[in-house]
file model_33.pdb (PDB, C-alpha atoms)
ATOM      1  CA  MET A   1      38.850 -23.045-105.843
ATOM      2  CA  SER A   2      37.799 -20.001-103.869
ATOM      3  CA  ASP A   3      36.129 -20.404-100.454
ATOM      4  CA  GLU A   4      34.017 -17.330-101.128
ATOM      5  CA  LYS A   5      30.322 -18.082-100.839
ATOM      6  CA  ILE A   6      27.929 -17.689-103.747
ATOM      7  CA  LYS A   7      25.462 -14.915-102.915
ATOM      8  CA  VAL A   8      22.076 -16.075-104.170
ATOM      9  CA  LEU A   9      18.773 -14.298-104.822
ATOM     10  CA  ILE A  10      15.606 -16.350-105.501
ATOM     11  CA  VAL A  11      12.832 -14.899-107.681
ATOM     12  CA  ASP A  12       9.447 -16.581-108.090
ATOM     13  CA  ASP A  13       5.849 -15.383-107.880
ATOM     14  CA  GLU A  14       4.908 -18.551-105.982
ATOM     15  CA  PRO A  15       5.953 -18.341-102.288
ATOM     16  CA  LEU A  16       5.882 -22.128-102.019
ATOM     17  CA  ALA A  17       8.391 -22.403-104.864
ATOM     18  CA  ILE A  18      10.685 -19.938-103.080
ATOM     19  CA  GLN A  19      10.359 -21.902 -99.851
ATOM     20  CA  GLY A  20      11.159 -25.165-101.586
ATOM     21  CA  LEU A  21      14.246 -23.793-103.309
ATOM     22  CA  GLU A  22      15.435 -22.199-100.055
ATOM     23  CA  LEU A  23      15.226 -25.590 -98.339
ATOM     24  CA  ARG A  24      17.150 -27.272-101.162
ATOM     25  CA  LEU A  25      19.844 -24.596-101.312
ATOM     26  CA  ALA A  26      20.304 -24.651 -97.530
ATOM     27  CA  GLU A  27      22.095 -27.988 -98.027
ATOM     28  CA  PHE A  28      24.906 -26.282 -99.960
ATOM     29  CA  ALA A  29      27.571 -24.896 -97.633
ATOM     30  CA  GLU A  30      28.941 -22.669-100.419
ATOM     31  CA  VAL A  31      25.594 -20.892-100.918
ATOM     32  CA  ASP A  32      24.466 -17.786 -99.030
ATOM     33  CA  ILE A  33      20.822 -16.857 -99.735
ATOM     34  CA  ILE A  34      20.794 -13.065 -99.395
ATOM     35  CA  GLY A  35      17.197 -12.382-100.441
ATOM     36  CA  THR A  36      14.040 -13.282-102.332
ATOM     37  CA  ALA A  37      11.628 -11.466-104.637
ATOM     38  CA  ILE A  38       8.072 -12.308-105.706
ATOM     39  CA  ASN A  39       7.767 -10.320-108.936
ATOM     40  CA  GLY A  40       9.860  -8.820-111.697
ATOM     41  CA  ARG A  41       9.924  -5.270-110.430
ATOM     42  CA  GLU A  42      10.998  -6.355-106.956
ATOM     43  CA  ALA A  43      13.638  -8.606-108.497
ATOM     44  CA  ILE A  44      15.188  -5.729-110.440
ATOM     45  CA  ARG A  45      15.298  -3.574-107.327
ATOM     46  CA  GLU A  46      16.819  -6.336-105.170
ATOM     47  CA  ILE A  47      19.429  -7.275-107.769
ATOM     48  CA  ARG A  48      20.584  -3.665-108.033
ATOM     49  CA  SER A  49      20.607  -3.263-104.261
ATOM     50  CA  LEU A  50      21.967  -6.608-103.026
ATOM     51  CA  ARG A  51      24.267  -7.364-105.984
ATOM     52  CA  PRO A  52      23.959 -11.177-105.862
ATOM     53  CA  ASP A  53      26.387 -13.457-107.657
ATOM     54  CA  LEU A  54      23.640 -15.798-108.805
ATOM     55  CA  VAL A  55      19.891 -15.368-109.373
ATOM     56  CA  PHE A  56      17.448 -18.262-109.602
ATOM     57  CA  LEU A  57      14.877 -16.587-111.815
ATOM     58  CA  ASP A  58      11.400 -17.870-112.627
ATOM     59  CA  ILE A  59      10.578 -17.268-116.284
ATOM     60  CA  GLN A  60       6.793 -17.208-116.076
ATOM     61  CA  MET A  61       5.696 -14.332-113.834
ATOM     62  CA  PRO A  62       2.877 -11.784-114.276
ATOM     63  CA  GLY A  63       3.884  -8.287-115.337
ATOM     64  CA  ILE A  64       7.648  -8.319-115.870
ATOM     65  CA  ASP A  65       8.620 -11.937-116.529
ATOM     66  CA  GLY A  66      12.062 -13.464-116.055
ATOM     67  CA  LEU A  67      13.338 -12.411-119.461
ATOM     68  CA  GLY A  68      12.037  -8.905-118.842
ATOM     69  CA  VAL A  69      14.039  -8.763-115.617
ATOM     70  CA  VAL A  70      17.253  -9.621-117.445
ATOM     71  CA  ARG A  71      16.459  -7.193-120.259
ATOM     72  CA  ALA A  72      15.940  -4.356-117.758
ATOM     73  CA  LEU A  73      19.358  -5.004-116.212
ATOM     74  CA  LEU A  74      21.392  -4.999-119.411
ATOM     75  CA  GLY A  75      24.152  -2.436-119.401
ATOM     76  CA  GLY A  76      24.804  -2.687-115.667
ATOM     77  CA  ASP A  77      26.659  -5.190-113.509
ATOM     78  CA  MET A  78      25.015  -8.512-114.323
ATOM     79  CA  PRO A  79      24.804 -11.497-111.977
ATOM     80  CA  MET A  80      24.674 -15.041-113.269
ATOM     81  CA  PHE A  81      21.156 -16.296-113.973
ATOM     82  CA  VAL A  82      19.697 -19.751-113.634
ATOM     83  CA  PHE A  83      16.266 -19.780-115.263
ATOM     84  CA  VAL A  84      13.673 -21.829-113.422
ATOM     85  CA  THR A  85      10.843 -22.937-115.658
ATOM     86  CA  ALA A  86       8.005 -25.394-116.141
ATOM     87  CA  TYR A  87       8.759 -25.597-119.895
ATOM     88  CA  ASP A  88       9.388 -29.068-121.289
ATOM     89  CA  LYS A  89      12.793 -30.162-122.557
ATOM     90  CA  TYR A  90      12.043 -29.177-126.146
ATOM     91  CA  ALA A  91      11.115 -25.588-125.354
ATOM     92  CA  ILE A  92      14.146 -25.234-123.107
ATOM     93  CA  GLU A  93      16.593 -26.036-125.926
ATOM     94  CA  ALA A  94      16.598 -22.338-126.856
ATOM     95  CA  PHE A  95      18.205 -21.508-123.506
ATOM     96  CA  GLU A  96      20.654 -24.379-123.730
ATOM     97  CA  ALA A  97      21.798 -23.203-127.152
ATOM     98  CA  ASN A  98      22.783 -19.878-125.596
ATOM     99  CA  ALA A  99      24.848 -21.624-122.884
ATOM    100  CA  LEU A 100      22.459 -20.398-120.176
ATOM    101  CA  ASP A 101      21.738 -22.661-117.263
ATOM    102  CA  TYR A 102      18.187 -23.660-116.411
ATOM    103  CA  ILE A 103      16.226 -25.883-114.050
ATOM    104  CA  VAL A 104      12.897 -27.458-114.908
ATOM    105  CA  LYS A 105      10.227 -27.589-112.202
ATOM    106  CA  PRO A 106       9.943 -29.624-110.068
ATOM    107  CA  VAL A 107      13.595 -29.067-109.173
ATOM    108  CA  GLU A 108      15.702 -32.233-109.125
ATOM    109  CA  GLU A 109      18.582 -32.512-106.668
ATOM    110  CA  GLU A 110      21.183 -33.503-109.241
ATOM    111  CA  ARG A 111      20.168 -30.677-111.569
ATOM    112  CA  LEU A 112      20.514 -28.198-108.725
ATOM    113  CA  LYS A 113      23.968 -29.533-107.897
ATOM    114  CA  ASP A 114      24.976 -29.032-111.518
ATOM    115  CA  ALA A 115      23.743 -25.430-111.482
ATOM    116  CA  ILE A 116      25.684 -24.605-108.312
ATOM    117  CA  HIS A 117      28.795 -26.273-109.735
ATOM    118  CA  ARG A 118      28.549 -24.218-112.917
ATOM    119  CA  ALA A 119      28.100 -21.043-110.902
ATOM    120  CA  ARG A 120      31.192 -21.849-108.826
ATOM    121  CA  GLU A 121      33.238 -22.597-111.934
ATOM    122  CA  THR A 122      32.121 -19.348-113.544
ATOM    123  CA  MET A 123      33.062 -17.347-110.450
ATOM    124  CA  SER A 124      36.472 -19.008-110.447
ATOM    125  CA  SER A 125      37.101 -18.162-114.092
ATOM    126  CA  LYS A 126      36.719 -15.153-116.312
ATOM    127  CA  SER A 127      33.743 -16.432-118.248
ATOM    128  CA  ALA A 128      31.114 -14.178-116.665
ATOM    129  CA  LEU A 129      31.605 -11.478-119.292
ATOM    130  CA  GLY A 130      31.066 -14.039-122.046
ATOM    131  CA  ARG A 131      27.810 -15.121-120.476
ATOM    132  CA  GLU A 132      26.597 -11.528-120.355
ATOM    133  CA  SER A 133      27.338 -11.194-124.063
ATOM    134  CA  GLN A 134      25.215 -14.262-124.720
ATOM    135  CA  LEU A 135      22.398 -12.763-122.665
ATOM    136  CA  VAL A 136      22.574  -9.578-124.693
ATOM    137  CA  GLU A 137      22.462 -11.530-127.943
ATOM    138  CA  MET A 138      19.539 -13.671-126.840
ATOM    139  CA  LEU A 139      17.468 -10.731-125.604
ATOM    140  CA  SER A 140      18.250  -8.344-128.435
ATOM    141  CA  SER A 141      15.016  -9.405-130.110
ATOM    142  CA  PHE A 142      12.928  -7.356-127.634
ATOM    143  CA  ASN A 143      11.118  -4.697-129.638
ATOM    144  CA  GLU A 144      10.429  -1.110-128.584
ATOM    145  CA  ASP A 145       6.870  -1.877-127.449
ATOM    146  CA  GLU A 146       8.136  -4.616-125.127
ATOM    147  CA  ARG A 147      10.818  -2.343-123.696
ATOM    148  CA  ASN A 148       8.240   0.393-123.106
ATOM    149  CA  ARG A 149       5.953  -2.115-121.371
ATOM    150  CA  ILE A 150       8.739  -3.044-118.956
ATOM    151  CA  LYS A 151       9.401   0.628-118.236
ATOM    152  CA  GLU A 152       5.698   1.283-117.565
ATOM    153  CA  LEU A 153       5.489  -1.593-115.102
ATOM    154  CA  LEU A 154       8.615  -0.429-113.301
ATOM    155  CA  GLU A 155       6.967   2.967-112.779
ATOM    156  CA  ASP A 156       3.496   1.612-111.925
ATOM    157  CA  LYS A 157       3.232   1.977-108.136
ATOM    158  CA  GLU A 158      -0.337   0.679-108.057
ATOM    159  CA  TRP A 159       0.721  -2.530-109.797
ATOM    160  CA  SER A 160       3.631  -2.850-107.393
ATOM    161  CA  GLU A 161       1.386  -2.608-104.340
ATOM    162  CA  LYS A 162      -1.019  -5.195-105.743
ATOM    163  CA  THR A 163       1.767  -7.708-106.307
ATOM    164  CA  ARG A 164       3.646  -7.005-103.096
ATOM    165  CA  TYR A 165       1.224  -8.796-100.794
ATOM    166  CA  PRO A 166       0.336 -12.270-102.106
ATOM    167  CA  GLU A 167      -2.944 -13.950-101.191
ATOM    168  CA  ARG A 168      -1.053 -17.090-100.226
ATOM    169  CA  MET A 169       1.996 -17.497 -98.023
ATOM    170  CA  SER A 170       4.158 -20.473 -97.165
ATOM    171  CA  PHE A 171       6.466 -21.266 -94.281
ATOM    172  CA  LYS A 172       8.249 -24.198 -92.694
ATOM    173  CA  ASP A 173       6.524 -25.786 -89.686
ATOM    174  CA  GLY A 174       8.794 -28.530 -88.377
ATOM    175  CA  LEU A 175       9.523 -30.849 -91.298
ATOM    176  CA  LYS A 176       6.491 -29.646 -93.239
ATOM    177  CA  VAL A 177       5.939 -26.691 -95.535
ATOM    178  CA  ILE A 178       2.557 -25.101 -94.756
ATOM    179  CA  VAL A 179       0.683 -23.085 -97.371
ATOM    180  CA  LEU A 180      -2.065 -20.749 -96.136
ATOM    181  CA  ASN A 181      -4.427 -18.320 -97.757
ATOM    182  CA  THR A 182      -3.834 -15.105 -95.823
ATOM    183  CA  SER A 183      -7.605 -14.764 -95.441
ATOM    184  CA  GLU A 184      -7.501 -17.855 -93.196
ATOM    185  CA  ILE A 185      -5.250 -16.172 -90.619
ATOM    186  CA  ASP A 186      -7.075 -14.963 -87.470
ATOM    187  CA  TRP A 187      -4.192 -13.439 -85.551
ATOM    188  CA  ILE A 188      -0.445 -13.745 -85.011
ATOM    189  CA  ASP A 189       1.480 -13.382 -81.774
ATOM    190  CA  ALA A 190       5.072 -13.679 -80.656
ATOM    191  CA  ALA A 191       6.515 -16.348 -78.382
ATOM    192  CA  GLY A 192      10.156 -15.534 -77.745
ATOM    193  CA  ASP A 193      12.099 -15.970 -80.984
ATOM    194  CA  TYR A 194       9.114 -17.615 -82.656
ATOM    195  CA  MET A 195       5.859 -16.452 -84.213
ATOM    196  CA  CYS A 196       2.548 -18.253 -83.694
ATOM    197  CA  ILE A 197       0.189 -18.048 -86.663
ATOM    198  CA  HIS A 198      -3.381 -18.874 -85.628
ATOM    199  CA  ALA A 199      -5.575 -19.912 -88.536
ATOM    200  CA  ASP A 200      -8.850 -21.868 -88.640
ATOM    201  CA  GLY A 201      -8.383 -23.316 -85.171
ATOM    202  CA  LYS A 202      -4.775 -24.394 -85.725
ATOM    203  CA  THR A 203      -1.530 -22.822 -84.549
ATOM    204  CA  HIS A 204       1.604 -22.896 -86.709
ATOM    205  CA  ILE A 205       4.926 -21.980 -85.112
ATOM    206  CA  ILE A 206       7.656 -20.459 -87.270
ATOM    207  CA  ARG A 207      11.019 -18.859 -86.603
ATOM    208  CA  GLU A 208      10.670 -15.344 -87.992
ATOM    209  CA  THR A 209      10.652 -11.818 -86.594
ATOM    210  CA  MET A 210       7.461  -9.841 -86.152
ATOM    211  CA  LYS A 211       8.799  -7.142 -88.465
ATOM    212  CA  ALA A 212       9.655  -9.586 -91.252
ATOM    213  CA  LEU A 213       6.305 -11.347 -91.040
ATOM    214  CA  GLN A 214       4.378  -8.077 -90.989
ATOM    215  CA  SER A 215       6.169  -6.960 -94.151
ATOM    216  CA  ARG A 216       4.670  -9.961 -95.975
ATOM    217  CA  LEU A 217       1.094  -9.072 -94.995
ATOM    218  CA  ASP A 218      -1.262  -6.513 -96.524
ATOM    219  CA  PRO A 219      -1.568  -3.607 -94.027
ATOM    220  CA  GLU A 220      -5.114  -3.001 -95.241
ATOM    221  CA  ARG A 221      -6.055  -6.387 -93.815
ATOM    222  CA  PHE A 222      -3.552  -7.038 -91.013
ATOM    223  CA  GLN A 223      -3.053  -4.550 -88.198
ATOM    224  CA  ARG A 224      -0.519  -4.432 -85.378
ATOM    225  CA  ILE A 225      -2.446  -4.057 -82.112
ATOM    226  CA  HIS A 226       0.340  -4.802 -79.661
ATOM    227  CA  ARG A 227       4.106  -4.998 -79.897
ATOM    228  CA  SER A 228       3.659  -8.766 -79.897
ATOM    229  CA  ALA A 229       0.413  -9.212 -81.841
ATOM    230  CA  ILE A 230      -1.076  -8.716 -85.310
ATOM    231  CA  VAL A 231      -4.766  -9.234 -86.067
ATOM    232  CA  ASN A 232      -6.727  -9.830 -89.247
ATOM    233  CA  VAL A 233      -9.177  -6.910 -89.040
ATOM    234  CA  GLU A 234     -11.767  -8.903 -90.991
ATOM    235  CA  LYS A 235     -11.886 -11.407 -88.122
ATOM    236  CA  VAL A 236     -12.788  -8.819 -85.466
ATOM    237  CA  LYS A 237     -16.392  -9.043 -84.246
ATOM    238  CA  GLU A 238     -16.506  -6.703 -81.242
ATOM    239  CA  LEU A 239     -14.478  -3.975 -79.582
ATOM    240  CA  HIS A 240     -14.661  -3.474 -75.792
ATOM    241  CA  PRO A 241     -13.053  -0.481 -74.042
ATOM    242  CA  HIS A 242     -10.892  -1.206 -71.037
ATOM    243  CA  SER A 243      -8.958   0.874 -68.528
ATOM    244  CA  ASN A 244      -5.922   3.006 -69.400
ATOM    245  CA  SER A 245      -7.109   3.600 -72.977
ATOM    246  CA  GLU A 246      -6.782  -0.086 -73.778
ATOM    247  CA  TYR A 247      -9.344  -2.208 -75.613
ATOM    248  CA  PHE A 248     -10.208  -5.855 -75.990
ATOM    249  CA  LEU A 249     -10.957  -7.202 -79.434
ATOM    250  CA  VAL A 250     -13.307 -10.162 -79.712
ATOM    251  CA  LEU A 251     -12.839 -12.268 -82.815
ATOM    252  CA  HIS A 252     -15.553 -14.217 -84.598
ATOM    253  CA  ASN A 253     -14.159 -17.413 -83.067
ATOM    254  CA  GLY A 254     -14.608 -15.947 -79.563
ATOM    255  CA  HIS A 255     -10.905 -15.345 -78.868
ATOM    256  CA  GLU A 256     -10.013 -12.084 -77.103
ATOM    257  CA  LEU A 257      -6.980  -9.935 -77.889
ATOM    258  CA  LYS A 258      -5.757  -6.842 -76.109
ATOM    259  CA  LEU A 259      -5.183  -3.653 -78.078
ATOM    260  CA  SER A 260      -2.562  -1.710 -76.127
ATOM    261  CA  ARG A 261      -2.776   2.039 -75.685
ATOM    262  CA  SER A 262       0.406   2.443 -77.720
ATOM    263  CA  TYR A 263      -1.683   1.398 -80.715
ATOM    264  CA  LYS A 264      -4.887   3.244 -79.828
ATOM    265  CA  ASP A 265      -4.854   5.088 -83.162
ATOM    266  CA  VAL A 266      -5.777   1.748 -84.692
ATOM    267  CA  ILE A 267      -9.276   2.047 -83.192
ATOM    268  CA  THR A 268     -10.486   3.970 -86.242
ATOM    269  CA  ARG A 269      -9.939   0.838 -88.353
ATOM    270  CA  PHE A 270     -12.727  -0.896 -86.444
ATOM    271  CA  LEU A 271     -15.265   1.944 -86.281
TER     272      LEU A 271
END

call {"tool": "encode", "arguments": {"input": "model_33.pdb", "output": "structure tokens"}}
result
Amino acid sequence: MSDEKIKVLIVDDEPLAIQGLELRLAEFAEVDIIGTAINGREAIREIRSLRPDLVFLDIQMPGIDGLGVVRALLGGDMPMFVFVTAYDKYAIEAFEANALDYIVKPVEEERLKDAIHRARETMSSKSALGRESQLVEMLSSFNEDERNRIKELLEDKEWSEKTRYPERMSFKDGLKVIVLNTSEIDWIDAAGDYMCIHADGKTHIIRETMKALQSRLDPERFQRIHRSAIVNVEKVKELHPHSNSEYFLVLHNGHELKLSRSYKDVITRFL
């Protein structure tokens, strides 16, 4: 059996579901999680760019669903797909009949082990092409209207921007997984290799870069005011000028943050 790792991409419109699957998959030494996606359009782009071996793909997503993702990729280099679904065992028989793997939510440990084992066996054999043929056969029922709908969504930049920044985000805090509405976040600052998320009087510490965290937040709501700080502009109550073109922001909870002169162009957001 090859020692090559299985490059995995996780696709789900629920951040908490992604977080949970990441934690489960982290226990498999043969798995390398190379990325995640939160909607169908992003999934298609990431699959084409990252070229994963295996994609854990949620079926029920707004816009382009899991089947739409697979349909849009037909004709190119196809990864293996494990469908993740909340369907009951009777509805899932259609996938089983086509020799496609699937996992029913909530994900069970043994079922996940089976999926990884099947992926490893497929990589070690020459059965991947056969699986693609089965995918083609199963999805051949898509009519022209459905194909056009997928194409429209792929080209719809406004839809993409709306789905890019979710209203809820999840992250690991110690042994817990915390789920927050982004509207609850007051500000975020850096502490060495960690980020401190301040929300409703509590501070959650996560290991993530400022750049990565900022990419998950809507720039219309969250603004960088310092190389080590991001603020929720809706939480800002007052703006006080200081020396050297710097400002102090006073939040509704009374906390003060410094806006450095390097980010003075941000002032217009508060005027």

call {"tool": "resolve_selection", "arguments": {"input": "model_33.pdb", "expression": "the PyMOL selection byres ((chain A and resi 12) around 6)", "output": "list in words"}}
result
Val11, Asp13, Glu14, Ile38 and Asp58 of chain A

call {"tool": "write_last_selection", "arguments": {"input": "model_33.pdb", "atoms": "C-alpha atoms", "output": "PDB file, in the frame of the given file"}}
result
ATOM      1  CA  VAL A  11      12.832 -14.899-107.681  1.00  0.00           C
ATOM      2  CA  ASP A  13       5.849 -15.383-107.880  1.00  0.00           C
ATOM      3  CA  GLU A  14       4.908 -18.551-105.982  1.00  0.00           C
ATOM      4  CA  ILE A  38       8.072 -12.308-105.706  1.00  0.00           C
ATOM      5  CA  ASP A  58      11.400 -17.870-112.627  1.00  0.00           C
TER       6      ASP A  58
END

call {"tool": "closest_residue", "arguments": {"input": "model_33.pdb", "among": "A:Gln223, A:Pro52, A:Gly40, A:Thr85", "to": "Arg71 (chain A)", "atoms": "all atoms listed in the file"}}
result
A:Gly40

call {"tool": "resolve_selection", "arguments": {"input": "model_33.pdb", "expression": "the PyMOL selection byres ((chain A and resi 217) around 10)", "output": "count of residues only"}}
result
20

call {"tool": "atom_distance", "arguments": {"input": "model_33.pdb", "atom1": "CA of Ile59 (chain A)", "atom2": "CA of Asp32 (chain A)"}}
result
22.2 Å

call {"tool": "resolve_selection", "arguments": {"input": "model_33.pdb", "expression": "the PyMOL selection byres ((chain A and resi 246-258) around 10)", "output": "JSON, numbers by chain"}}
result
{"A": [186, 187, 189, 200, 201, 225, 226, 229, 230, 231, 232, 233, 234, 235, 236, 237, 238, 239, 240, 241, 242, 243, 244, 245, 259, 260, 261, 262, 263, 264, 267, 270]}

call {"tool": "write_last_selection", "arguments": {"input": "model_33.pdb", "atoms": "C-alpha atoms", "output": "PDB file, in the frame of the given file"}}
result
ATOM      1  CA  ASP A 186      -7.075 -14.963 -87.470  1.00  0.00           C
ATOM      2  CA  TRP A 187      -4.192 -13.439 -85.551  1.00  0.00           C
ATOM      3  CA  ASP A 189       1.480 -13.382 -81.774  1.00  0.00           C
ATOM      4  CA  ASP A 200      -8.850 -21.868 -88.640  1.00  0.00           C
ATOM      5  CA  GLY A 201      -8.383 -23.316 -85.171  1.00  0.00           C
ATOM      6  CA  ILE A 225      -2.446  -4.057 -82.112  1.00  0.00           C
ATOM      7  CA  HIS A 226       0.340  -4.802 -79.661  1.00  0.00           C
ATOM      8  CA  ALA A 229       0.413  -9.212 -81.841  1.00  0.00           C
ATOM      9  CA  ILE A 230      -1.076  -8.716 -85.310  1.00  0.00           C
ATOM     10  CA  VAL A 231      -4.766  -9.234 -86.067  1.00  0.00           C
ATOM     11  CA  ASN A 232      -6.727  -9.830 -89.247  1.00  0.00           C
ATOM     12  CA  VAL A 233      -9.177  -6.910 -89.040  1.00  0.00           C
ATOM     13  CA  GLU A 234     -11.767  -8.903 -90.991  1.00  0.00           C
ATOM     14  CA  LYS A 235     -11.886 -11.407 -88.122  1.00  0.00           C
ATOM     15  CA  VAL A 236     -12.788  -8.819 -85.466  1.00  0.00           C
ATOM     16  CA  LYS A 237     -16.392  -9.043 -84.246  1.00  0.00           C
ATOM     17  CA  GLU A 238     -16.506  -6.703 -81.242  1.00  0.00           C
ATOM     18  CA  LEU A 239     -14.478  -3.975 -79.582  1.00  0.00           C
ATOM     19  CA  HIS A 240     -14.661  -3.474 -75.792  1.00  0.00           C
ATOM     20  CA  PRO A 241     -13.053  -0.481 -74.042  1.00  0.00           C
ATOM     21  CA  HIS A 242     -10.892  -1.206 -71.037  1.00  0.00           C
ATOM     22  CA  SER A 243      -8.958   0.874 -68.528  1.00  0.00           C
ATOM     23  CA  ASN A 244      -5.922   3.006 -69.400  1.00  0.00           C
ATOM     24  CA  SER A 245      -7.109   3.600 -72.977  1.00  0.00           C
ATOM     25  CA  LEU A 259      -5.183  -3.653 -78.078  1.00  0.00           C
ATOM     26  CA  SER A 260      -2.562  -1.710 -76.127  1.00  0.00           C
ATOM     27  CA  ARG A 261      -2.776   2.039 -75.685  1.00  0.00           C
ATOM     28  CA  SER A 262       0.406   2.443 -77.720  1.00  0.00           C
ATOM     29  CA  TYR A 263      -1.683   1.398 -80.715  1.00  0.00           C
ATOM     30  CA  LYS A 264      -4.887   3.244 -79.828  1.00  0.00           C
ATOM     31  CA  ILE A 267      -9.276   2.047 -83.192  1.00  0.00           C
ATOM     32  CA  PHE A 270     -12.727  -0.896 -86.444  1.00  0.00           C
TER      33      PHE A 270
END

call {"tool": "atom_distance", "arguments": {"input": "model_33.pdb", "atom1": "CA of Ile34 (chain A)", "atom2": "CA of Ala190 (chain A)"}}
result
24.5 Å
